[in-house]
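Reproduced below: data.tsv, with TSV, C-alpha atoms.
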chain	number	residue	atom	x	y	z
A	1	MET	CA	5.96	3.58	8.53
A	2	ALA	CA	2.25	3.46	9.22
A	3	GLU	CA	0.65	0.16	10.15
A	4	VAL	CA	-1.43	-0.99	7.19
A	5	GLY	CA	-1.86	-4.73	7.71
A	6	SER	CA	-1.73	-7.09	4.76
A	7	TRP	CA	-1.65	-5.92	1.16
A	8	GLU	CA	-5.31	-6.94	0.79
A	9	GLU	CA	-6.37	-5.08	3.94
A	10	ALA	CA	-4.52	-1.96	2.85
A	11	THR	CA	-5.99	-1.92	-0.65
A	12	ARG	CA	-9.45	-2.54	0.81
A	13	GLU	CA	-9.00	0.43	3.14
A	14	LEU	CA	-7.85	2.58	0.20
A	15	ASP	CA	-10.95	1.50	-1.74
A	16	ASP	CA	-13.11	2.53	1.21
A	17	ILE	CA	-11.40	5.92	1.38
A	18	VAL	CA	-11.93	6.51	-2.34
A	19	ALA	CA	-15.58	5.47	-2.09
A	20	TYR	CA	-16.08	7.93	0.78
A	21	LEU	CA	-14.38	10.74	-1.13
A	22	GLU	CA	-16.55	10.07	-4.17
A	23	GLY	CA	-19.71	10.02	-2.05
A	24	PRO	CA	-22.16	12.83	-1.53
A	25	ASP	CA	-21.59	13.35	2.22
A	26	VAL	CA	-17.94	14.37	2.52
A	27	ASN	CA	-17.16	16.22	5.73
A	28	ILE	CA	-14.22	18.64	5.40
A	29	ASP	CA	-12.66	17.65	8.74
A	30	ASP	CA	-13.00	13.96	7.94
A	31	LEU	CA	-11.65	14.59	4.45
A	32	ILE	CA	-8.28	15.69	5.82
A	33	VAL	CA	-8.05	12.67	8.12
A	34	ARG	CA	-8.91	10.25	5.33
A	35	LEU	CA	-6.56	11.86	2.83
A	36	GLN	CA	-3.73	11.64	5.35
A	37	ARG	CA	-4.49	7.98	6.05
A	38	GLY	CA	-4.62	7.26	2.31
A	39	ALA	CA	-1.21	8.89	1.85
A	40	GLU	CA	0.21	6.82	4.72
A	41	ILE	CA	-1.12	3.61	3.18
A	42	VAL	CA	0.28	4.44	-0.26
A	43	GLU	CA	3.70	5.26	1.22
A	44	ALA	CA	3.75	2.04	3.25
A	45	LEU	CA	2.78	-0.06	0.23
A	46	GLU	CA	5.43	1.64	-1.92
A	47	GLU	CA	8.06	0.83	0.72
A	48	ARG	CA	6.84	-2.75	0.79
A	49	LEU	CA	7.14	-2.98	-3.01
A	50	VAL	CA	10.69	-1.62	-2.96
A	51	ALA	CA	11.69	-4.12	-0.27
A	52	THR	CA	10.03	-6.97	-2.15
A	53	LYS	CA	11.79	-6.03	-5.39
A	54	ALA	CA	15.15	-5.98	-3.59
A	55	LYS	CA	14.51	-9.44	-2.15
A	56	VAL	CA	13.49	-10.84	-5.55
A	57	GLU	CA	16.63	-9.38	-7.15
A	58	GLU	CA	18.70	-10.96	-4.38
A	59	ILE	CA	17.08	-14.39	-4.70
A	60	ALA	CA	16.67	-14.58	-8.48
A	61	PRO	CA	20.34	-15.24	-9.32
A	62	ARG	CA	20.41	-18.16	-6.89
A	63	VAL	CA	17.26	-19.62	-8.43
A	64	GLU	CA	18.60	-19.17	-11.96
A	65	LYS	CA	21.88	-20.82	-10.90
A	66	ASP	CA	20.00	-23.83	-9.50
A	67	VAL	CA	17.97	-24.20	-12.72
A	68	GLU	CA	21.04	-24.41	-14.96
Taking this structure as input, can you express it in the form of structure tokens?
Amino acid sequence: MAEVGSWEEATRELDDIVAYLEGPDVNIDDLIVRLQRGAEIVEALEERLVATKAKVEEIAPRVEKDVE
């Protein structure tokens, strides 16, 4: 998995990539590099979401049990 830092850092980097791609001065060589980095960030964040969901599903029954 690519290193992406915190969720906020990763989404900020994705925003920067999108802004570059929407800009007027896109360099073809740089385009490939930025698209690859964007894909790595998205994949890493998706993995993080899956792991977080699994943890929540593991913890939730214990929390519900304690509330009753």
Q. Pick the closest to Ile17 in chain A from A:Arg34, A:Glu40, A:Lys53, A:Ala60: which is it, counting only C-alpha atoms?
A.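 Comparing A:Arg34, A:Glu40, A:Lys53, A:Ala60 against Ile17 in chain A, the winner is A:Arg34.
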Q: Grab the CA of Leu14 in chain A to CA of Gln36 in chain A distance for me, in Å with one decimal place.
A: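 That distance, rounded to one decimal, is 11.2 Å.
The smallest atom-to-atom distance between Val4 in chain A and any of A:Leu49, A:Ile59, A:Val42, A:Ala54, using all atoms listed in the file, is found for A:Val42.
CA of Gly38 in chain A lies 18.5 Å from CA of Val50 in chain A.
Each of A:Leu45, A:Val56, A:Ala51, A:Val63 was compared to Thr11 in chain A using all atoms listed in the file, and A:Leu45 turns out to be the nearest.
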Q.
Please compute the CA of Asp25 in chain A-CA of Ser6 in chain A distance, one decimal, in Å.
A.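 Spanning CA of Asp25 in chain A to CA of Ser6 in chain A is a straight-line distance of 28.6 Å.
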Q: Name the residues in contact with Val18 in chain A at a cut-off of 12 Å, using only C-alpha atoms, excluding same-chain residues fewer than 5 positions from it; report them as a PyMOL selection string.
A: chain A and resi 11-13+23+26+31+34-35+37-39
All file atoms of range 27-37 of chain A boxed axis-aligned, 6 Å per side, centre plus edges, as AutoDock Vina command-line options:
--center_x -10.4 --center_y 13.3 --center_z 5.8 --size_x 25.4 --size_y 22.7 --size_z 17.9
Hey, could you patch up range 28-56 of chain A with N, CA and C atoms and hand it over as a compact mmCIF listing (two decimals), in the frame of the given file?
# COMPACT_ATOMS: atom_id res chain seq x y z
N ILE A 28 -15.54 18.05 5.60
CA ILE A 28 -14.22 18.64 5.40
C ILE A 28 -13.20 18.16 6.44
N ASP A 29 -13.59 18.11 7.70
CA ASP A 29 -12.66 17.65 8.74
C ASP A 29 -12.28 16.19 8.54
N ASP A 30 -13.25 15.37 8.20
CA ASP A 30 -13.00 13.96 7.94
C ASP A 30 -12.19 13.78 6.66
N LEU A 31 -12.39 14.65 5.72
CA LEU A 31 -11.65 14.59 4.45
C LEU A 31 -10.15 14.63 4.70
N ILE A 32 -9.71 15.55 5.52
CA ILE A 32 -8.28 15.69 5.82
C ILE A 32 -7.74 14.42 6.47
N VAL A 33 -8.48 13.89 7.42
CA VAL A 33 -8.05 12.67 8.12
C VAL A 33 -7.93 11.51 7.14
N ARG A 34 -8.93 11.37 6.28
CA ARG A 34 -8.91 10.25 5.33
C ARG A 34 -7.84 10.41 4.26
N LEU A 35 -7.63 11.63 3.80
CA LEU A 35 -6.56 11.86 2.83
C LEU A 35 -5.20 11.54 3.43
N GLN A 36 -4.99 11.94 4.67
CA GLN A 36 -3.73 11.64 5.35
C GLN A 36 -3.54 10.14 5.49
N ARG A 37 -4.59 9.44 5.90
CA ARG A 37 -4.49 7.98 6.05
C ARG A 37 -4.21 7.33 4.69
N GLY A 38 -4.87 7.81 3.65
CA GLY A 38 -4.62 7.26 2.31
C GLY A 38 -3.17 7.45 1.90
N ALA A 39 -2.61 8.63 2.17
CA ALA A 39 -1.21 8.89 1.85
C ALA A 39 -0.29 7.96 2.63
N GLU A 40 -0.60 7.73 3.90
CA GLU A 40 0.21 6.82 4.72
C GLU A 40 0.18 5.40 4.15
N ILE A 41 -0.99 4.96 3.73
CA ILE A 41 -1.12 3.61 3.18
C ILE A 41 -0.32 3.49 1.89
N VAL A 42 -0.45 4.47 1.01
CA VAL A 42 0.28 4.44 -0.26
C VAL A 42 1.79 4.40 0.00
N GLU A 43 2.28 5.24 0.90
CA GLU A 43 3.70 5.26 1.22
C GLU A 43 4.17 3.91 1.77
N ALA A 44 3.38 3.33 2.66
CA ALA A 44 3.75 2.04 3.25
C ALA A 44 3.78 0.94 2.19
N LEU A 45 2.81 0.96 1.28
CA LEU A 45 2.78 -0.06 0.23
C LEU A 45 3.93 0.14 -0.75
N GLU A 46 4.27 1.39 -1.05
CA GLU A 46 5.43 1.64 -1.92
C GLU A 46 6.71 1.12 -1.28
N GLU A 47 6.89 1.36 0.01
CA GLU A 47 8.06 0.83 0.72
C GLU A 47 8.08 -0.69 0.68
N ARG A 48 6.92 -1.29 0.83
CA ARG A 48 6.84 -2.75 0.79
C ARG A 48 7.22 -3.27 -0.60
N LEU A 49 6.78 -2.58 -1.65
CA LEU A 49 7.14 -2.98 -3.01
C LEU A 49 8.64 -2.88 -3.25
N VAL A 50 9.25 -1.80 -2.79
CA VAL A 50 10.69 -1.62 -2.96
C VAL A 50 11.45 -2.74 -2.24
N ALA A 51 11.04 -3.05 -1.03
CA ALA A 51 11.69 -4.12 -0.27
C ALA A 51 11.50 -5.47 -0.94
N THR A 52 10.31 -5.71 -1.46
CA THR A 52 10.03 -6.97 -2.15
C THR A 52 10.87 -7.09 -3.41
N LYS A 53 10.98 -6.02 -4.17
CA LYS A 53 11.79 -6.03 -5.39
C LYS A 53 13.25 -6.34 -5.06
N ALA A 54 13.77 -5.74 -4.00
CA ALA A 54 15.15 -5.98 -3.59
C ALA A 54 15.36 -7.44 -3.23
N LYS A 55 14.41 -8.02 -2.51
CA LYS A 55 14.51 -9.44 -2.15
C LYS A 55 14.49 -10.34 -3.37
N VAL A 56 13.59 -10.04 -4.33
CA VAL A 56 13.49 -10.84 -5.55
C VAL A 56 14.80 -10.76 -6.32
